[in-house]
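Heads up, upload.pdb below (PDB, C-alpha atoms, pLDDT in the B column):
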```
ATOM      1  CA  MET R 157     -13.613 -25.053  -2.832  1.00 48.00           C
ATOM      2  CA  LYS R 158      -9.865 -24.537  -3.415  1.00 55.00           C
ATOM      3  CA  VAL R 159      -9.660 -21.300  -1.417  1.00 49.00           C
ATOM      4  CA  ARG R 160     -10.766 -23.084   1.767  1.00 42.00           C
ATOM      5  CA  LEU R 161      -8.108 -25.750   1.215  1.00 45.00           C
ATOM      6  CA  VAL R 162      -5.536 -22.984   0.792  1.00 45.00           C
ATOM      7  CA  ALA R 163      -6.634 -21.400   4.086  1.00 39.00           C
ATOM      8  CA  ILE R 164      -6.095 -24.731   5.814  1.00 36.00           C
ATOM      9  CA  GLY R 165      -2.670 -24.957   4.180  1.00 45.00           C
ATOM     10  CA  VAL R 166      -1.603 -21.567   5.527  1.00 39.00           C
ATOM     11  CA  ALA R 167      -2.610 -22.600   9.030  1.00 35.00           C
ATOM     12  CA  LEU R 168      -0.523 -25.774   8.761  1.00 36.00           C
ATOM     13  CA  ALA R 169       2.431 -23.830   7.351  1.00 44.00           C
ATOM     14  CA  ALA R 170       2.263 -21.388  10.253  1.00 39.00           C
ATOM     15  CA  LEU R 171       2.648 -24.225  12.731  1.00 34.00           C
ATOM     16  CA  GLY R 172       5.943 -25.307  11.200  1.00 41.00           C
ATOM     17  CA  CYS R 173       7.600 -21.909  10.714  1.00 45.00           C
ATOM     18  CA  ASN R 174       9.797 -19.868  12.992  1.00 45.00           C
ATOM     19  CA  ARG R 175       8.563 -16.267  12.528  1.00 45.00           C
ATOM     20  CA  SER R 176      11.767 -14.852  14.024  1.00 48.00           C
ATOM     21  CA  ALA R 177      14.082 -16.729  11.660  1.00 45.00           C
ATOM     22  CA  THR R 178      15.910 -14.854   8.942  1.00 48.00           C
ATOM     23  CA  GLY R 179      17.182 -16.203   5.682  1.00 49.00           C
ATOM     24  CA  PRO R 180      15.553 -18.609   3.278  1.00 57.00           C
ATOM     25  CA  GLN R 181      13.264 -21.327   4.533  1.00 77.00           C
ATOM     26  CA  PRO R 182      12.023 -23.903   2.024  1.00 87.00           C
ATOM     27  CA  GLY R 183       8.535 -23.054   0.788  1.00 89.00           C
ATOM     28  CA  VAL R 184       8.302 -19.740   2.660  1.00 93.00           C
ATOM     29  CA  SER R 185       9.105 -16.145   1.732  1.00 93.00           C
ATOM     30  CA  SER R 186      11.904 -14.725   3.891  1.00 91.00           C
ATOM     31  CA  SER R 187       9.889 -11.605   4.723  1.00 95.00           C
ATOM     32  CA  CYS R 188       6.315 -10.351   4.542  1.00 98.00           C
ATOM     33  CA  THR R 189       4.907  -6.971   5.522  1.00 98.00           C
ATOM     34  CA  VAL R 190       1.281  -5.955   4.984  1.00 98.00           C
ATOM     35  CA  THR R 191      -0.030  -2.395   5.171  1.00 98.00           C
ATOM     36  CA  LEU R 192      -3.679  -1.380   5.439  1.00 98.00           C
ATOM     37  CA  SER R 193      -4.938   2.052   4.437  1.00 98.00           C
ATOM     38  CA  GLY R 194      -8.340   3.655   4.046  1.00 98.00           C
ATOM     39  CA  ALA R 195     -11.040   2.399   6.412  1.00 96.00           C
ATOM     40  CA  LEU R 196      -8.319   0.886   8.669  1.00 97.00           C
ATOM     41  CA  SER R 197      -4.622   1.635   8.844  1.00 97.00           C
ATOM     42  CA  GLY R 198      -1.521  -0.087  10.130  1.00 98.00           C
ATOM     43  CA  THR R 199       1.490  -2.166   9.132  1.00 98.00           C
ATOM     44  CA  TYR R 200       1.923  -5.773  10.265  1.00 98.00           C
ATOM     45  CA  ASP R 201       4.281  -8.736   9.961  1.00 98.00           C
ATOM     46  CA  CYS R 202       2.581 -11.315   7.736  1.00 98.00           C
ATOM     47  CA  ARG R 203       5.152 -14.126   7.867  1.00 96.00           C
ATOM     48  CA  PRO R 204       4.989 -16.864   6.866  1.00 95.00           C
ATOM     49  CA  ALA R 205       3.856 -16.117   3.326  1.00 97.00           C
ATOM     50  CA  THR R 206       3.630 -19.421   1.479  1.00 97.00           C
ATOM     51  CA  THR R 207       3.428 -20.243  -2.196  1.00 98.00           C
ATOM     52  CA  THR R 208       2.570 -23.795  -3.198  1.00 97.00           C
ATOM     53  CA  TRP R 209       1.562 -25.923  -6.158  1.00 98.00           C
ATOM     54  CA  SER R 210      -0.405 -29.188  -6.036  1.00 97.00           C
ATOM     55  CA  ASN R 211       0.303 -31.711  -8.764  1.00 96.00           C
ATOM     56  CA  ILE R 212      -2.942 -33.465  -7.802  1.00 96.00           C
ATOM     57  CA  ASP R 213      -5.184 -30.743  -9.278  1.00 96.00           C
ATOM     58  CA  ASN R 214      -2.596 -28.353 -10.853  1.00 97.00           C
ATOM     59  CA  THR R 215      -3.472 -25.595  -8.362  1.00 97.00           C
ATOM     60  CA  GLY R 216      -1.047 -22.846  -7.415  1.00 98.00           C
ATOM     61  CA  ALA R 217      -1.678 -20.864  -4.238  1.00 98.00           C
ATOM     62  CA  PHE R 218      -0.349 -17.906  -2.266  1.00 98.00           C
ATOM     63  CA  THR R 219      -1.339 -17.451   1.379  1.00 98.00           C
ATOM     64  CA  PHE R 220      -0.623 -15.576   4.565  1.00 98.00           C
ATOM     65  CA  ALA R 221      -2.493 -14.647   7.715  1.00 98.00           C
ATOM     66  CA  VAL R 222      -2.234 -12.082  10.493  1.00 98.00           C
ATOM     67  CA  TYR R 223      -3.976 -13.116  13.664  1.00 98.00           C
ATOM     68  CA  ALA R 224      -6.099 -10.630  15.633  1.00 97.00           C
ATOM     69  CA  SER R 225      -4.684  -9.340  18.886  1.00 97.00           C
ATOM     70  CA  GLY R 226      -5.977  -6.327  20.807  1.00 96.00           C
ATOM     71  CA  SER R 227      -6.615  -3.644  18.185  1.00 95.00           C
ATOM     72  CA  ARG R 228      -4.718  -5.549  15.459  1.00 97.00           C
ATOM     73  CA  PRO R 229      -7.172  -6.814  12.820  1.00 98.00           C
ATOM     74  CA  ALA R 230      -7.295 -10.367  11.517  1.00 98.00           C
ATOM     75  CA  ILE R 231      -6.073 -10.593   7.911  1.00 98.00           C
ATOM     76  CA  SER R 232      -6.581 -13.667   5.748  1.00 98.00           C
ATOM     77  CA  VAL R 233      -5.117 -13.926   2.239  1.00 98.00           C
ATOM     78  CA  PRO R 234      -5.770 -17.135   0.301  1.00 98.00           C
ATOM     79  CA  ILE R 235      -5.366 -16.791  -3.492  1.00 98.00           C
ATOM     80  CA  ALA R 236      -5.471 -19.758  -5.892  1.00 98.00           C
ATOM     81  CA  TRP R 237      -5.098 -20.264  -9.654  1.00 97.00           C
ATOM     82  CA  ASP R 238      -4.823 -23.186 -12.068  1.00 96.00           C
ATOM     83  CA  SER R 239      -1.122 -23.646 -12.853  1.00 96.00           C
ATOM     84  CA  GLU R 240       2.290 -23.785 -11.286  1.00 97.00           C
ATOM     85  CA  PRO R 241       3.415 -20.360  -9.973  1.00 98.00           C
ATOM     86  CA  ALA R 242       5.391 -18.237 -12.446  1.00 97.00           C
ATOM     87  CA  PRO R 243       7.038 -14.804 -12.321  1.00 98.00           C
ATOM     88  CA  ARG R 244       4.042 -12.818 -13.534  1.00 98.00           C
ATOM     89  CA  THR R 245       0.975 -10.952 -12.277  1.00 98.00           C
ATOM     90  CA  TYR R 246      -2.164 -12.801 -11.186  1.00 98.00           C
ATOM     91  CA  SER R 247      -5.427 -10.890 -10.703  1.00 98.00           C
ATOM     92  CA  ASN R 248      -9.092 -11.280  -9.898  1.00 97.00           C
ATOM     93  CA  THR R 249      -9.899 -11.006 -13.634  1.00 96.00           C
ATOM     94  CA  ASP R 250      -7.887 -14.129 -14.575  1.00 96.00           C
ATOM     95  CA  LEU R 251      -9.835 -17.111 -15.836  1.00 92.00           C
ATOM     96  CA  LEU R 252     -10.332 -19.585 -12.947  1.00 94.00           C
ATOM     97  CA  ALA R 253      -9.032 -17.110 -10.311  1.00 97.00           C
ATOM     98  CA  GLN R 254     -10.079 -17.844  -6.733  1.00 98.00           C
ATOM     99  CA  ALA R 255      -9.598 -15.670  -3.668  1.00 98.00           C
ATOM    100  CA  ASP R 256     -11.292 -14.737  -0.430  1.00 98.00           C
ATOM    101  CA  ILE R 257      -9.135 -11.952   0.997  1.00 98.00           C
ATOM    102  CA  ALA R 258     -10.620 -10.684   4.250  1.00 98.00           C
ATOM    103  CA  VAL R 259      -9.804  -8.168   6.961  1.00 98.00           C
ATOM    104  CA  THR R 260     -11.774  -8.234  10.217  1.00 98.00           C
ATOM    105  CA  SER R 261     -11.390  -5.346  12.657  1.00 98.00           C
ATOM    106  CA  ALA R 262     -11.365  -5.660  16.455  1.00 97.00           C
ATOM    107  CA  ALA R 263     -15.022  -4.483  16.296  1.00 97.00           C
ATOM    108  CA  ASN R 264     -15.846  -7.397  13.925  1.00 98.00           C
ATOM    109  CA  GLN R 265     -16.263  -5.163  10.864  1.00 98.00           C
ATOM    110  CA  ILE R 266     -15.316  -7.054   7.693  1.00 98.00           C
ATOM    111  CA  TRP R 267     -13.868  -5.995   4.326  1.00 98.00           C
ATOM    112  CA  ARG R 268     -13.438  -8.502   1.467  1.00 98.00           C
ATOM    113  CA  ALA R 269     -12.119  -9.120  -2.012  1.00 98.00           C
ATOM    114  CA  THR R 270     -13.699 -12.326  -3.270  1.00 97.00           C
ATOM    115  CA  VAL R 271     -13.724 -14.102  -6.623  1.00 97.00           C
ATOM    116  CA  GLY R 272     -14.493 -17.662  -7.730  1.00 95.00           C
ATOM    117  CA  THR R 273     -15.824 -18.832  -4.382  1.00 88.00           C
ATOM    118  CA  GLY R 274     -19.457 -19.259  -5.361  1.00 87.00           C
ATOM    119  CA  ALA R 275     -20.391 -15.926  -3.785  1.00 84.00           C
ATOM    120  CA  ALA R 276     -20.758 -12.665  -5.706  1.00 89.00           C
ATOM    121  CA  ALA R 277     -17.372 -11.231  -6.716  1.00 94.00           C
ATOM    122  CA  THR R 278     -16.284  -8.170  -4.721  1.00 97.00           C
ATOM    123  CA  GLY R 279     -13.157  -6.024  -4.606  1.00 98.00           C
ATOM    124  CA  SER R 280     -10.033  -6.687  -6.627  1.00 98.00           C
ATOM    125  CA  TYR R 281      -6.423  -7.847  -6.273  1.00 98.00           C
ATOM    126  CA  SER R 282      -3.157  -7.930  -8.178  1.00 98.00           C
ATOM    127  CA  LEU R 283      -0.474 -10.428  -7.079  1.00 98.00           C
ATOM    128  CA  THR R 284       2.943 -10.066  -8.734  1.00 98.00           C
ATOM    129  CA  PHE R 285       5.788 -12.547  -8.308  1.00 98.00           C
ATOM    130  CA  THR R 286       9.185 -11.049  -9.162  1.00 98.00           C
ATOM    131  CA  SER R 287      11.183 -14.069  -7.957  1.00 96.00           C
ATOM    132  CA  ILE R 288      10.169 -17.696  -7.507  1.00 96.00           C
ATOM    133  CA  VAL R 289      12.450 -20.475  -6.249  1.00 95.00           C
ATOM    134  CA  ALA R 290      11.041 -24.008  -6.030  1.00 95.00           C
ATOM    135  CA  ASN R 291      12.883 -25.305  -2.958  1.00 94.00           C
ATOM    136  CA  LEU R 292      10.483 -27.708  -1.282  1.00 95.00           C
ATOM    137  CA  ASN R 293       9.473 -30.825  -3.199  1.00 94.00           C
ATOM    138  CA  GLY R 294       6.979 -33.373  -1.975  1.00 94.00           C
ATOM    139  CA  PRO R 295       4.983 -36.269  -3.387  1.00 95.00           C
ATOM    140  CA  SER R 296       1.914 -34.079  -4.021  1.00 95.00           C
ATOM    141  CA  GLY R 297       3.532 -30.817  -5.111  1.00 97.00           C
ATOM    142  CA  LYS R 298       6.056 -28.080  -4.457  1.00 97.00           C
ATOM    143  CA  GLY R 299       6.694 -25.164  -2.121  1.00 97.00           C
ATOM    144  CA  TYR R 300       8.377 -21.957  -3.210  1.00 97.00           C
ATOM    145  CA  SER R 301      10.306 -19.096  -1.671  1.00 96.00           C
ATOM    146  CA  THR R 302       8.987 -16.034  -3.480  1.00 97.00           C
ATOM    147  CA  GLU R 303       9.392 -12.280  -3.659  1.00 97.00           C
ATOM    148  CA  GLY R 304       6.802  -9.853  -4.925  1.00 98.00           C
ATOM    149  CA  THR R 305       3.836  -7.663  -4.062  1.00 98.00           C
ATOM    150  CA  LEU R 306       0.115  -7.928  -3.497  1.00 98.00           C
ATOM    151  CA  THR R 307      -2.294  -5.011  -3.790  1.00 98.00           C
ATOM    152  CA  ALA R 308      -5.973  -5.528  -3.026  1.00 98.00           C
ATOM    153  CA  THR R 309      -8.995  -3.273  -2.776  1.00 98.00           C
ATOM    154  CA  LEU R 310     -11.489  -4.645  -0.265  1.00 98.00           C
ATOM    155  CA  THR R 311     -15.122  -3.608  -0.050  1.00 98.00           C
ATOM    156  CA  PRO R 312     -17.110  -3.416   3.189  1.00 98.00           C
ATOM    157  CA  VAL R 313     -19.494  -6.184   4.208  1.00 97.00           C
ATOM    158  CA  ALA R 314     -22.506  -4.017   5.058  1.00 96.00           C
ATOM    159  CA  ALA R 315     -24.017  -6.528   7.489  1.00 97.00           C
ATOM    160  CA  SER R 316     -20.876  -6.257   9.641  1.00 98.00           C
ATOM    161  CA  GLY R 317     -21.172  -2.481   9.998  1.00 98.00           C
ATOM    162  CA  ALA R 318     -18.046  -1.843   7.941  1.00 98.00           C
ATOM    163  CA  THR R 319     -17.932   1.265   5.749  1.00 98.00           C
ATOM    164  CA  GLY R 320     -15.474   2.703   3.255  1.00 97.00           C
ATOM    165  CA  THR R 321     -12.920   0.965   1.100  1.00 98.00           C
ATOM    166  CA  LEU R 322      -9.832  -0.739   2.475  1.00 98.00           C
ATOM    167  CA  THR R 323      -6.550  -1.046   0.571  1.00 98.00           C
ATOM    168  CA  LEU R 324      -4.200  -3.902   1.437  1.00 98.00           C
ATOM    169  CA  THR R 325      -0.609  -3.777   0.199  1.00 98.00           C
ATOM    170  CA  ALA R 326       1.870  -6.560   0.967  1.00 98.00           C
ATOM    171  CA  THR R 327       5.536  -6.936   0.124  1.00 98.00           C
ATOM    172  CA  PHE R 328       7.082 -10.362   0.490  1.00 97.00           C
TER
END
```
Do you think you could lay out the structure here as structure tokens?
Amino acid sequence: MKVRLVAIGVALAALGCNRSATGPQPGVSSSCTVTLSGALSGTYDCRPATTTWSNIDNTGAFTFAVYASGSRPAISVPIAWDSEPAPRTYSNTDLLAQADIAVTSAANQIWRATVGTGAAATGSYSLTFTSIVANLNGPSGKGYSTEGTLTATLTPVAASGATGTLTLTATF
């Protein structure tokens, strides 16, 4: 499943990035802020936000993660599509869209927006790239510094005790 590979990619990208650095870094957005509203609220630093493309399977991907700490929830955003990234809007209704956006509270309540993962589709998202610069080339693909927004509506996972809708808005 491509979304799981993307999640692994974001973890690897996080290991090689200096979160306190400013200015362009190849393959990474220079800033990323995510805001939650609804069932949970708060604003968090979501750097590094990475955008990649694999020439092996023609898969584009956008990812970031916020790691849980104290009352800060864990936020995981892997989104994948079939093509090289372009300045346009990608959404859960696109043909071949894949995503498993999840927020997990400190009390282990979970909200999700999922599509194309083999599970029933839930929630929705809209990812808009306003600027894309391919500045990291490798033998199996490219990395991009991007600017844009992500808006997602996440639904509660009832078995986790979560209730209400959660809105995730990111600017990168």
Kindly assemble as a tab-separated table a list of the stretch 195-240 of chain R residues that lie within 10 Å of stretch 263-276 of chain R, each paired with its nearest atom pair and their distance in Å to one decimal, using all atoms listed in the file, sorted first by chain and then by ascending residue number.
```
residue	atom	partner	partner_atom	distance
R:Ala195	CA	R:Trp267	CA	9.1
R:Leu196	CA	R:Trp267	CA	9.8
R:Ser227	CA	R:Ala263	CA	8.7
R:Pro229	CA	R:Asn264	CA	8.8
R:Ala230	CA	R:Asn264	CA	9.4
R:Ile231	CA	R:Trp267	CA	9.7
R:Ser232	CA	R:Arg268	CA	9.6
R:Val233	CA	R:Ala269	CA	9.5
R:Pro234	CA	R:Thr270	CA	9.9
R:Ile235	CA	R:Val271	CA	9.3
R:Ala236	CA	R:Gly272	CA	9.4
R:Trp237	CA	R:Gly272	CA	9.9
```
Given the PyMOL selection byres ((chain R and resi 220-225) around 9), the residues it picks as a CSV table (one decimal) with C-alpha atoms, in the coordinates of the input:
```csv
chain,number,residue,atom,x,y,z
R,163,ALA,CA,-6.6,-21.4,4.1
R,166,VAL,CA,-1.6,-21.6,5.5
R,167,ALA,CA,-2.6,-22.6,9.0
R,170,ALA,CA,2.3,-21.4,10.3
R,188,CYS,CA,6.3,-10.4,4.5
R,190,VAL,CA,1.3,-6.0,5.0
R,200,TYR,CA,1.9,-5.8,10.3
R,201,ASP,CA,4.3,-8.7,10.0
R,202,CYS,CA,2.6,-11.3,7.7
R,203,ARG,CA,5.2,-14.1,7.9
R,204,PRO,CA,5.0,-16.9,6.9
R,205,ALA,CA,3.9,-16.1,3.3
R,206,THR,CA,3.6,-19.4,1.5
R,218,PHE,CA,-0.3,-17.9,-2.3
R,219,THR,CA,-1.3,-17.5,1.4
R,226,GLY,CA,-6.0,-6.3,20.8
R,227,SER,CA,-6.6,-3.6,18.2
R,228,ARG,CA,-4.7,-5.5,15.5
R,229,PRO,CA,-7.2,-6.8,12.8
R,230,ALA,CA,-7.3,-10.4,11.5
R,231,ILE,CA,-6.1,-10.6,7.9
R,232,SER,CA,-6.6,-13.7,5.7
R,233,VAL,CA,-5.1,-13.9,2.2
R,234,PRO,CA,-5.8,-17.1,0.3
R,260,THR,CA,-11.8,-8.2,10.2
R,261,SER,CA,-11.4,-5.3,12.7
R,262,ALA,CA,-11.4,-5.7,16.5
```
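Minimum atom-to-atom distances from R:Leu192, R:Leu252, R:Leu306, R:Ala277 to R:Phe328 were compared using only C-alpha atoms, and the lowest value belongs to R:Leu306.
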Q | Surrounding residues of R:Ile212 excluding itself and chain neighbours under 2 positions, 9 Å, only C-alpha atoms, as a PyMOL selection string | A | chain R and resi 209-210+214-215+296-297
(Q) What's around R:Asp250 at 12 Å? Count all atoms listed in the file, leave out sequence neighbours fewer than 3 positions away in its own chain, and write the answer as a PyMOL selection string. (A) chain R and resi 235-239+245-247+253-255+271-272+280-283
Q: Please indicate the distance in Å from atom CA of R:Thr249 to atom CA of R:Thr323, rounded to one decimal place.
A: 17.7 Å
